[in-house]
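Student: The structure file target.cif (mmCIF, C-alpha atoms) is provided below.
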data_upload
#
loop_
_atom_site.label_atom_id
_atom_site.label_comp_id
_atom_site.auth_asym_id
_atom_site.auth_seq_id
_atom_site.Cartn_x
_atom_site.Cartn_y
_atom_site.Cartn_z
CA MET O 14 -1.60 -30.95 65.05
CA TRP O 15 -0.39 -27.80 66.77
CA ALA O 16 -0.21 -26.07 63.43
CA SER O 17 -3.93 -26.61 62.86
CA VAL O 18 -4.77 -25.27 66.34
CA GLY O 19 -2.59 -22.22 65.67
CA ILE O 20 -4.30 -21.61 62.34
CA MET O 21 -7.75 -21.89 63.92
CA VAL O 22 -6.71 -19.32 66.54
CA ILE O 23 -5.46 -16.98 63.81
CA VAL O 24 -8.70 -17.42 61.84
CA ILE O 25 -10.76 -16.59 64.93
CA ILE O 26 -8.66 -13.47 65.58
CA ILE O 27 -9.12 -12.37 61.95
CA MET O 28 -12.87 -12.89 62.25
CA ILE O 29 -13.02 -10.87 65.47
CA ILE O 30 -11.22 -8.01 63.72
CA GLU O 31 -13.08 -8.04 60.41
CA VAL O 32 -16.62 -9.33 60.90
CA PRO O 33 -18.25 -6.78 63.29
CA PRO O 34 -17.68 -3.73 61.03
CA LEU O 35 -19.06 -5.70 58.06
CA LEU O 36 -22.16 -6.69 60.00
CA LYS O 37 -22.63 -3.11 61.13
CA LYS O 38 -22.50 -1.84 57.54
CA ARG O 39 -24.68 -4.75 56.35
CA LEU O 40 -22.32 -5.64 53.49
CA LYS O 41 -23.66 -9.10 52.68
CA LYS O 42 -21.69 -9.87 49.52
CA GLU O 43 -18.44 -8.78 51.15
CA LEU O 44 -19.17 -11.07 54.08
CA TRP O 45 -19.70 -14.04 51.76
CA VAL O 46 -16.51 -13.43 49.79
CA PHE O 47 -14.59 -12.92 53.03
CA GLY O 48 -15.96 -16.13 54.51
CA ILE O 49 -15.26 -18.28 51.45
CA LEU O 50 -11.71 -17.01 51.04
CA LEU O 51 -10.99 -17.37 54.76
CA LEU O 52 -12.27 -20.96 54.70
CA LEU O 53 -10.12 -21.73 51.65
CA GLY O 54 -7.05 -20.16 53.26
CA ALA O 55 -7.58 -21.97 56.57
CA GLY O 56 -8.15 -25.28 54.76
CA LEU O 57 -5.01 -24.94 52.65
CA ASN O 58 -2.88 -24.00 55.63
CA ILE O 59 -4.18 -26.83 57.79
CA ALA O 60 -3.50 -29.27 54.95
CA GLU O 61 -0.01 -27.83 54.66
CA GLY O 62 0.47 -28.11 58.42
CA LEU O 63 -0.60 -31.76 58.42
CA HIS O 64 1.80 -32.46 55.51
CA ILE O 65 -0.99 -33.43 53.14
CA ASP O 66 0.15 -33.20 49.52
CA ILE O 67 -1.52 -30.26 47.80
CA PRO O 68 -1.14 -30.40 44.00
CA ASN O 69 0.98 -27.59 42.65
CA PRO O 70 -1.27 -25.33 40.55
CA LEU O 71 1.73 -24.38 38.44
CA ASP O 72 1.97 -27.87 36.98
CA GLY O 73 -1.49 -27.44 35.48
CA ILE O 74 -0.66 -24.01 34.09
CA ALA O 75 2.62 -25.32 32.68
CA ILE O 76 0.77 -28.12 30.85
CA ILE O 77 -1.66 -25.62 29.30
CA TYR O 78 1.21 -23.43 28.11
CA ARG O 79 3.07 -26.43 26.73
CA LEU O 80 -0.02 -27.47 24.75
CA ILE O 81 -0.45 -23.95 23.40
CA SER O 82 3.16 -23.57 22.36
CA TYR O 83 3.22 -27.09 20.88
CA ASN O 84 0.06 -26.68 18.84
CA ILE O 85 0.33 -23.07 17.72
CA PHE O 86 3.99 -22.30 17.45
CA GLY O 87 5.15 -25.86 16.84
CA LEU O 88 7.95 -25.46 19.37
CA MET F 114 -13.55 4.23 44.05
CA LEU F 115 -12.18 1.55 46.32
CA GLU F 116 -8.96 3.38 47.00
CA ASN F 117 -9.18 7.04 47.86
CA GLY F 118 -5.47 7.69 48.17
CA LYS F 119 -3.52 9.79 45.69
CA ILE F 120 0.19 9.56 45.13
CA GLY F 121 2.52 12.05 43.50
CA GLY F 122 4.55 11.56 40.34
CA ARG F 123 7.85 11.26 42.21
CA GLN F 124 6.42 8.74 44.64
CA PHE F 125 5.22 6.71 41.68
CA THR F 126 8.73 6.82 40.18
CA VAL F 127 10.17 5.48 43.42
CA LEU F 128 7.58 2.70 43.55
CA VAL F 129 8.38 1.65 39.96
CA PHE F 130 12.09 1.79 40.77
CA MET F 131 11.68 -0.41 43.84
CA TYR F 132 9.52 -2.83 41.91
CA THR F 133 11.98 -3.12 39.01
CA THR F 134 14.97 -3.73 41.25
CA GLY F 135 12.87 -5.92 43.57
CA SER F 136 13.76 -9.57 43.24
CA SER F 137 15.90 -9.01 40.12
CA LEU F 138 18.55 -7.27 42.19
CA LEU F 139 19.81 -10.63 43.38
CA LEU F 140 18.52 -13.01 40.74
CA ALA F 141 19.05 -11.22 37.43
CA PRO F 142 22.89 -11.37 37.20
CA SER F 143 23.02 -15.17 37.24
CA LEU F 144 20.02 -15.46 34.91
CA LEU F 145 21.80 -13.19 32.44
CA THR F 146 25.25 -14.74 32.64
CA SER F 147 24.01 -18.31 32.30
CA SER F 148 23.70 -18.02 28.52
CA ALA F 149 25.29 -14.68 27.59
CA LYS F 150 28.52 -15.42 29.52
CA GLN F 151 30.80 -12.37 29.67
CA ASP F 152 28.43 -10.34 27.47
CA ALA F 153 25.71 -10.36 30.11
CA TRP F 154 26.10 -6.62 30.58
CA LEU F 155 25.12 -6.14 26.90
CA ALA F 156 22.12 -8.41 27.45
CA ALA F 157 21.17 -6.32 30.50
CA ILE F 158 21.36 -3.08 28.49
CA PHE F 159 19.28 -4.63 25.70
CA GLY F 160 16.75 -5.91 28.25
CA VAL F 161 16.36 -2.50 29.83
CA GLY F 162 15.82 -1.00 26.36
CA VAL F 163 13.00 -3.44 25.68
CA GLY F 164 11.70 -2.78 29.19
CA LEU F 165 11.43 0.92 28.42
CA LEU F 166 9.40 0.13 25.29
CA LEU F 167 7.10 -2.04 27.41
CA ALA F 168 6.71 0.71 30.00
CA TYR F 169 5.80 3.05 27.15
CA LEU F 170 3.17 0.57 25.94
CA TYR F 171 1.68 0.32 29.43
CA GLN F 172 1.49 4.04 29.96
CA THR F 173 -0.14 4.47 26.52
CA LEU F 174 -2.82 1.99 27.55
CA GLY F 175 -3.16 3.62 30.95
CA ASN F 176 -3.61 7.06 29.43
CA LEU F 177 -6.61 5.88 27.40
CA TYR F 178 -8.58 5.56 30.63
CA PRO F 179 -6.77 7.79 33.11
CA ASN F 180 -9.25 7.25 35.94
CA MET F 181 -9.65 3.50 35.72
CA THR F 182 -7.57 0.49 36.66
CA LEU F 183 -6.81 -2.36 34.25
CA VAL F 184 -9.58 -4.49 35.72
CA GLU F 185 -12.16 -1.72 35.30
CA TYR F 186 -11.34 -0.86 31.71
CA SER F 187 -10.90 -4.42 30.53
CA GLU F 188 -14.57 -4.79 31.42
CA GLU F 189 -15.27 -1.56 29.58
CA ILE F 190 -13.32 -2.62 26.49
CA LEU F 191 -14.09 -6.33 26.21
CA GLY F 192 -17.60 -6.36 27.60
CA LYS F 193 -18.80 -7.50 30.98
CA TRP F 194 -18.19 -11.26 31.02
CA ILE F 195 -15.10 -11.57 28.83
CA GLY F 196 -13.63 -8.61 30.67
CA LYS F 197 -14.30 -10.26 34.02
CA ALA F 198 -12.78 -13.54 32.84
CA VAL F 199 -9.65 -11.77 31.58
CA SER F 200 -9.40 -9.81 34.84
CA LEU F 201 -9.73 -13.00 36.86
CA LEU F 202 -6.87 -14.57 34.88
CA PHE F 203 -4.88 -11.38 35.44
CA PHE F 204 -5.62 -11.65 39.15
CA THR F 205 -4.29 -15.21 39.27
CA PHE F 206 -1.14 -14.03 37.47
CA ILE F 207 -0.35 -11.33 40.01
CA PHE F 208 -1.31 -13.57 42.90
CA PHE F 209 1.05 -16.32 41.71
CA LEU F 210 3.68 -13.67 41.19
CA ALA F 211 3.23 -12.54 44.79
CA ALA F 212 3.60 -16.15 45.93
CA PHE F 213 6.85 -16.44 43.97
CA VAL F 214 8.24 -13.22 45.36
CA LEU F 215 7.45 -14.40 48.89
CA ARG F 216 9.08 -17.72 48.11
CA ASN F 217 12.17 -15.89 46.82
CA ILE F 218 12.51 -14.17 50.18
CA GLY F 219 12.12 -17.44 52.05
CA ASP F 220 14.58 -19.25 49.80
CA PHE F 221 17.15 -16.50 50.10
CA ILE F 222 17.01 -16.32 53.89
CA THR F 223 16.96 -20.07 54.44
CA THR F 224 19.87 -20.74 52.08
CA GLN F 225 22.07 -17.74 52.82
CA ILE F 226 21.40 -16.21 56.20
CA MET F 227 19.40 -18.45 58.55
CA PRO F 228 19.72 -22.04 57.35
CA GLU F 229 18.17 -23.62 60.44
CA THR F 230 15.01 -21.52 60.59
CA PRO F 231 11.92 -23.09 59.01
CA ILE F 232 10.85 -21.30 55.84
CA GLN F 233 7.29 -20.92 57.18
CA THR F 234 8.48 -18.68 60.00
CA ILE F 235 10.17 -16.32 57.59
CA HIS F 236 7.16 -16.25 55.29
CA ILE F 237 4.79 -15.51 58.17
CA LEU F 238 6.98 -12.73 59.58
CA PHE F 239 7.42 -11.07 56.20
CA LEU F 240 3.78 -11.50 55.28
CA ILE F 241 2.62 -9.74 58.45
CA VAL F 242 4.48 -6.58 57.43
CA VAL F 243 3.18 -6.87 53.88
CA MET F 244 -0.42 -7.30 55.02
CA VAL F 245 -0.12 -4.22 57.22
CA GLY F 246 1.22 -2.32 54.20
CA ALA F 247 -1.58 -3.51 51.93
CA ARG F 248 -4.22 -2.64 54.51
CA LEU F 249 -2.91 0.88 54.90
CA GLY F 250 -3.30 1.51 51.19
CA ILE F 251 -1.24 3.04 48.42
CA GLU F 252 -0.63 6.45 49.97
CA PRO F 253 1.34 5.39 53.09
CA LEU F 254 3.10 2.78 50.96
CA ALA F 255 4.31 5.39 48.49
CA ARG F 256 5.43 7.68 51.29
CA SER F 257 7.43 4.94 52.97
CA ALA F 258 9.01 4.13 49.60
CA GLU F 259 10.04 7.77 49.32
CA ILE F 260 11.61 7.66 52.80
CA LEU F 261 13.50 4.43 52.18
CA PHE F 262 14.69 5.37 48.69
CA PRO F 263 17.76 7.41 49.83
CA TRP F 264 18.78 4.54 52.14
CA PHE F 265 18.61 2.17 49.24
CA LEU F 266 20.77 4.49 47.14
CA VAL F 267 23.33 4.94 49.93
CA LEU F 268 23.67 1.19 50.38
CA PHE F 269 23.96 0.70 46.63
CA LEU F 270 26.67 3.37 46.27
CA LEU F 271 28.55 1.91 49.25
CA LEU F 272 28.54 -1.48 47.56
CA VAL F 273 29.73 -0.07 44.23
CA ILE F 274 32.50 2.01 45.82
CA PHE F 275 33.75 -0.76 48.09
CA VAL F 276 33.97 -3.45 45.41
CA SER F 277 35.23 -1.29 42.56
CA PRO F 278 38.98 -1.63 43.40
CA GLN F 279 38.75 -5.34 42.59
CA MET F 280 37.52 -4.92 39.04
CA GLU F 281 39.52 -6.70 36.35
CA LEU F 282 38.76 -5.56 32.85
CA GLN F 283 40.03 -8.73 31.16
CA LYS F 284 37.12 -10.64 32.68
CA ILE F 285 34.64 -9.18 30.19
CA GLN F 286 36.88 -9.89 27.22
CA PRO F 287 36.41 -11.08 24.51
CA VAL F 288 33.35 -8.96 23.85
CA LEU F 289 30.70 -10.65 21.68
CA GLU F 290 32.72 -13.84 21.33
CA GLU F 291 29.73 -15.81 20.05
CA GLY F 292 27.84 -13.00 18.32
CA MET F 293 24.53 -11.46 19.30
CA ALA F 294 22.43 -14.66 19.48
CA PRO F 295 23.28 -15.72 23.06
CA VAL F 296 22.88 -12.12 24.19
CA MET F 297 19.33 -11.98 22.84
CA LYS F 298 18.55 -15.38 24.32
CA ALA F 299 19.81 -14.32 27.73
CA SER F 300 17.81 -11.11 27.75
CA LEU F 301 14.46 -12.90 27.30
CA PRO F 302 14.15 -14.16 30.90
CA PHE F 303 15.47 -10.80 32.09
CA ILE F 304 12.82 -8.93 30.09
CA SER F 305 10.06 -11.14 31.41
CA PHE F 306 11.39 -11.05 34.93
CA PRO F 307 11.05 -7.49 36.03
CA PHE F 308 9.77 -5.68 32.93
CA LEU F 309 6.78 -7.69 31.74
CA GLU F 310 5.64 -7.73 35.36
CA LEU F 311 5.43 -3.94 35.29
CA ILE F 312 1.91 -4.41 33.93
CA ILE F 313 0.82 -4.49 37.57
CA PHE F 314 1.29 -0.73 37.69
CA LEU F 315 -1.77 -0.36 35.48
CA MET F 316 -3.64 -1.13 38.72
CA ILE F 317 -1.93 1.81 40.43
CA LEU F 318 -1.56 4.31 37.58
CA PRO F 319 -5.05 5.86 38.06
CA TYR F 320 -4.15 6.84 41.63
CA VAL F 321 -1.29 9.05 40.49
CA ASN F 322 -1.93 12.80 40.58
CA ARG F 323 -1.82 14.62 37.25
CA SER F 324 -1.94 11.57 35.03
CA LYS F 325 0.01 13.28 32.23
CA GLU F 326 3.17 13.23 34.30
CA ALA F 327 2.46 9.68 35.43
CA GLY F 328 3.64 8.21 32.13
CA LYS F 329 6.91 10.09 32.36
CA SER F 330 7.52 9.01 35.94
CA PHE F 331 6.75 5.42 34.91
CA LEU F 332 9.54 5.54 32.31
CA THR F 333 11.94 7.27 34.74
CA GLY F 334 11.40 4.61 37.39
CA THR F 335 11.93 1.85 34.84
CA TRP F 336 15.27 3.11 33.56
CA MET F 337 16.53 3.93 37.03
CA GLY F 338 15.78 0.42 38.21
CA GLY F 339 17.29 -0.94 35.00
CA VAL F 340 20.53 0.97 35.56
CA VAL F 341 20.91 -0.56 39.04
CA ILE F 342 20.63 -4.03 37.56
CA ILE F 343 23.00 -3.24 34.67
CA VAL F 344 25.59 -1.95 37.14
CA LEU F 345 25.24 -4.97 39.42
CA THR F 346 25.51 -7.42 36.50
CA THR F 347 28.56 -5.66 35.13
CA LEU F 348 30.23 -5.61 38.55
CA ALA F 349 29.44 -9.28 39.10
CA ILE F 350 31.17 -10.22 35.82
CA LEU F 351 34.08 -7.84 36.35
CA ILE F 352 34.80 -9.06 39.86
CA LEU F 353 33.54 -12.61 40.21
CA GLY F 354 34.02 -13.59 36.58
CA THR F 355 31.55 -15.43 34.37
CA ASP F 356 31.91 -18.84 35.94
CA LEU F 357 31.31 -17.83 39.56
CA THR F 358 28.46 -15.52 38.61
CA THR F 359 26.66 -18.33 36.78
CA ARG F 360 27.19 -20.84 39.55
CA ASN F 361 26.07 -18.50 42.29
CA LEU F 362 22.38 -18.26 42.92
CA TYR F 363 22.75 -14.77 44.33
CA PRO F 364 25.80 -13.21 42.63
CA SER F 365 25.22 -9.73 44.03
CA TYR F 366 25.33 -11.20 47.51
CA ALA F 367 28.52 -13.11 46.71
CA LEU F 368 29.90 -9.87 45.31
CA ALA F 369 29.43 -8.09 48.63
CA LYS F 370 31.24 -10.89 50.43
CA LYS F 371 34.33 -9.84 48.45
CA ILE F 372 34.42 -6.41 50.10
CA ASN F 373 37.71 -6.01 51.90
CA ILE F 374 38.88 -2.65 53.14
CA GLY F 375 42.42 -2.73 54.51
CA ASP F 376 41.97 -6.32 55.72
CA PHE F 377 39.83 -4.86 58.44
CA ILE F 378 36.29 -4.26 57.21
CA GLN F 379 35.12 -7.55 55.71
CA ARG F 380 31.98 -9.63 55.28
CA ILE F 381 29.55 -6.74 55.15
CA GLU F 382 27.32 -8.52 52.63
CA ALA F 383 24.37 -7.65 54.84
CA ILE F 384 24.25 -4.28 53.04
CA VAL F 385 23.09 -6.11 49.92
CA ALA F 386 20.57 -8.07 51.96
CA GLY F 387 19.36 -4.76 53.41
CA MET F 388 18.92 -3.24 49.94
CA TRP F 389 17.10 -6.33 48.84
CA PHE F 390 14.73 -6.39 51.81
CA ILE F 391 13.78 -2.78 51.14
CA SER F 392 13.09 -3.29 47.45
CA ILE F 393 11.48 -6.70 47.70
CA PHE F 394 9.19 -5.52 50.46
CA PHE F 395 7.79 -2.98 48.01
CA LYS F 396 7.62 -5.49 45.20
CA LEU F 397 5.70 -7.97 47.30
CA THR F 398 3.44 -5.36 48.83
CA ILE F 399 2.61 -3.91 45.41
CA CYS F 400 1.84 -7.39 44.05
CA PHE F 401 -0.29 -8.25 47.05
CA TYR F 402 -2.03 -4.89 47.13
CA ALA F 403 -2.76 -5.05 43.40
CA SER F 404 -4.16 -8.56 43.71
CA THR F 405 -6.51 -7.63 46.56
CA LEU F 406 -7.58 -4.50 44.73
CA SER F 407 -8.19 -6.36 41.47
CA LEU F 408 -10.20 -9.12 43.13
CA ALA F 409 -12.33 -6.54 44.94
CA GLN F 410 -12.94 -4.72 41.66
CA ILE F 411 -13.77 -7.91 39.76
CA LEU F 412 -16.35 -8.88 42.39
CA LYS F 413 -17.51 -5.25 42.72
CA LEU F 414 -16.97 -5.16 46.47
CA LYS F 415 -17.26 -1.90 48.37
CA GLU F 416 -14.16 -2.53 50.43
CA TYR F 417 -10.89 -4.19 49.43
CA ARG F 418 -9.32 -4.25 52.88
CA ILE F 419 -11.40 -7.16 54.11
CA LEU F 420 -9.70 -9.36 51.49
CA VAL F 421 -6.23 -8.72 52.89
CA PHE F 422 -6.21 -11.31 55.69
CA PRO F 423 -7.97 -14.15 53.84
CA LEU F 424 -5.80 -13.67 50.74
CA GLY F 425 -2.76 -13.46 53.00
CA LEU F 426 -3.59 -16.88 54.43
CA ILE F 427 -4.01 -18.32 50.94
CA LEU F 428 -0.77 -16.66 49.81
CA LEU F 429 1.08 -18.26 52.73
CA ALA F 430 -0.09 -21.73 51.72
CA LEU F 431 0.47 -21.06 48.02
CA SER F 432 4.02 -19.82 48.54
CA LEU F 433 4.89 -23.15 50.13
CA VAL F 434 3.04 -25.30 47.60
CA ILE F 435 4.14 -23.46 44.48
CA SER F 436 7.58 -24.98 44.30
CA PRO F 437 8.89 -28.07 46.09
CA ASN F 438 12.44 -26.77 46.44
CA ILE F 439 14.84 -24.06 45.36
CA VAL F 440 16.19 -26.03 42.39
CA TYR F 441 12.68 -26.23 40.95
CA THR F 442 12.24 -22.47 41.47
CA ILE F 443 15.43 -21.67 39.58
CA THR F 444 15.33 -24.23 36.78
CA VAL F 445 11.69 -25.10 36.05
CA THR F 446 9.63 -22.02 36.83
CA PRO F 447 11.23 -19.51 34.43
CA ASN F 448 10.49 -21.62 31.37
CA ALA F 449 7.31 -23.31 32.56
CA TRP F 450 5.58 -20.32 34.08
CA ALA F 451 7.38 -16.99 34.32
CA ILE F 452 8.21 -16.42 30.64
CA PRO F 453 5.01 -17.75 28.97
CA SER F 454 2.62 -16.15 31.43
CA GLY F 455 4.69 -12.99 31.48
CA LEU F 456 4.31 -12.78 27.70
CA THR F 457 0.60 -13.56 27.92
CA TYR F 458 -0.29 -10.95 30.51
CA GLY F 459 2.53 -8.50 30.03
CA LEU F 460 2.58 -8.28 26.24
CA PHE F 461 -0.43 -9.98 24.69
CA LEU F 462 -3.05 -8.63 27.11
CA PRO F 463 -2.13 -4.91 26.81
CA LEU F 464 -1.78 -5.22 23.03
CA LEU F 465 -5.21 -6.88 22.83
CA LEU F 466 -6.81 -4.23 25.03
CA LEU F 467 -5.12 -1.43 23.11
CA GLY F 468 -6.17 -2.93 19.75
CA VAL F 469 -9.81 -3.48 20.71
CA ALA F 470 -10.05 -0.05 22.32
CA THR F 471 -8.65 1.62 19.18
CA VAL F 472 -11.05 -0.28 16.91
CA ARG F 473 -13.96 0.71 19.13
CA ARG F 474 -12.93 4.35 19.10
CA ILE F 475 -12.63 4.42 15.31
CA ARG F 476 -16.04 2.75 14.97
CA SER F 477 -17.79 5.16 17.29
CA ALA F 478 -16.09 8.06 15.49
CA ASN F 479 -17.38 6.77 12.14
CA LYS F 480 -20.93 6.50 13.44
CA ARG F 481 -21.11 10.17 14.25
#
Represent the supplied structure as structure tokens.
Tutor:
Amino acid sequence: MWASVGIMVIVIIIMIIEVPPLLKKRLKKELWVFGILLLLGAGLNIAEGLHIDIPNPLDGIAIIYRLISYNIFGL
Amino acid sequence: MLENGKIGGRQFTVLVFMYTTGSSLLLAPSLLTSSAKQDAWLAAIFGVGVGLLLAYLYQTLGNLYPNMTLVEYSEEILGKWIGKAVSLLFFTFIFFLAAFVLRNIGDFITTQIMPETPIQTIHILFLIVVMVGARLGIEPLARSAEILFPWFLVLFLLLVIFVSPQMELQKIQPVLEEGMAPVMKASLPFISFPFLELIIFLMILPYVNRSKEAGKSFLTGTWMGGVVIIVLTTLAILILGTDLTTRNLYPSYALAKKINIGDFIQRIEAIVAGMWFISIFFKLTICFYASTLSLAQILKLKEYRILVFPLGLILLALSLVISPNIVYTITVTPNAWAIPSGLTYGLFLPLLLLGVATVRRIRSANKR
């Protein structure tokens, strides 16, 4: 619970630092990318803070590599 | 240009040196000894040799387009969409690598130095410094590397001098007891661990002044870093012996615990931790900086600095998710991720780019 509040505070601080200069320079695409990544980061961290199981992306990558090595190199 | 900084050849050498020693300083000796036993020092020398060849390959590729980063010229070589896809995969590789390096720091501190501190705290504290470094850009980073380099060397020499009285030559005998096969096998993870990851420097190579010298300083940094690891591995076998080196997760750290000067100065293993913090800070910052820079170049943003905080947040979560515990990090990840993806991005990708670029050049020369 407290972890999520802390993360929200951090996200707000980051936005206060980063957003005004972007708005001033009218960099729309940058603002979108920034927003999406920040949302993703905040979501992942809140999930981590609430002990929700996030699947390990490495497991997926490992399966792909195992398929490749099994089919091509016959290892 | 997203990054306006320029770094000198010597600064680049120091950065490559710090990156090569980086996490391998502590982890490589036990990786090497686990299958090469007392011949691990031979495996280390062989690995550094291959590493130099790889560095040569990277600088050859970098010299084809001296003013562009890997992400920019992969788009140039492979066409817009394939190039972007390849660059995005490359970005995920360096981002995962950054997560692993951060996790290495957390694992080391929570198992060796501060066992009761939550790993998140350590990650957050370290990441703050790294984000500041990445925001400042390559130029201040290279300068700080230049300042910290002598300190690193002093600590390293202190370690070597203090432990050298305890060397026992019979611990590396018999040499080549089981032939060359285990030596080769042991050097594969070592090659993939620091040397295939050197491909990241293709993101930084265009920011080096006088790009002709850049290739030479790349090679210099690689062999200097390699020598540090060879020396540490050899010392670990000579002093701790094969068995203890293999069992220890951080043999270099265990090595420094052996320091004993006149039964008075003891337990100064923090000098190894200090060396490691210096070098791994640069490794992590270079990984993180390169990943923000590459993502900004893939998406054609005008500013890479805005990505630092959001990617930092994602990196924090990823570093905790990426491996459930330290046993998984040591046993599963080298074979499941580090070696195959290292070979894909560190060997296959540059060879592919180099091949396609050469074919294109020959074709356009024939047309004229």
Student: Could you please determine the separation between atom CA of Gly250 of chain F and atom CA of Leu424 of chain F in Å, to one decimal place?
Tutor: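 Interatomic distance, atom CA of Gly250 of chain F to atom CA of Leu424 of chain F: 15.4 Å.
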Student: If the cut-off is 6 Å, can you tell me the residues of chain F near chain O, counting all atoms listed in the file? I'd like them as a PyMOL selection string.
Tutor: chain F and resi 423+426-427+430+434-435+449-450
Student: Hey, can you spit out that residue selection with C-alpha atoms as a PDB file, in the frame of the given file?
Tutor:
ATOM      1  CA  PRO F 423      -7.970 -14.150  53.840  1.00  0.00           C
ATOM      2  CA  LEU F 426      -3.590 -16.880  54.430  1.00  0.00           C
ATOM      3  CA  ILE F 427      -4.010 -18.320  50.940  1.00  0.00           C
ATOM      4  CA  ALA F 430      -0.090 -21.730  51.720  1.00  0.00           C
ATOM      5  CA  VAL F 434       3.040 -25.300  47.600  1.00  0.00           C
ATOM      6  CA  ILE F 435       4.140 -23.460  44.480  1.00  0.00           C
ATOM      7  CA  ALA F 449       7.310 -23.310  32.560  1.00  0.00           C
ATOM      8  CA  TRP F 450       5.580 -20.320  34.080  1.00  0.00           C
TER       9      TRP F 450
END
Student: Given the file above and the PyMOL selection byres ((chain F and resi 290-302) around 6), which residues are selected, and can you give them as a PyMOL selection string?
Tutor: chain F and resi 145+148-149+156+160+287-289+303-306
Student: Just say which residues the PyMOL selection byres ((chain F and resi 115) around 12) picks in this file, as an MDAnalysis selection string.
Tutor: chainID F and resid 114 116:119 181:182 185 250:251 316:317 319:320 403 405:419
Student: Of the candidates F:Ile452, F:Leu311, F:Leu191, F:Val421, which shows the shortest atom-to-atom distance to Gly334 of chain F, using all atoms listed in the file?
Tutor: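 Smallest distance to Gly334 of chain F is found for F:Leu311.
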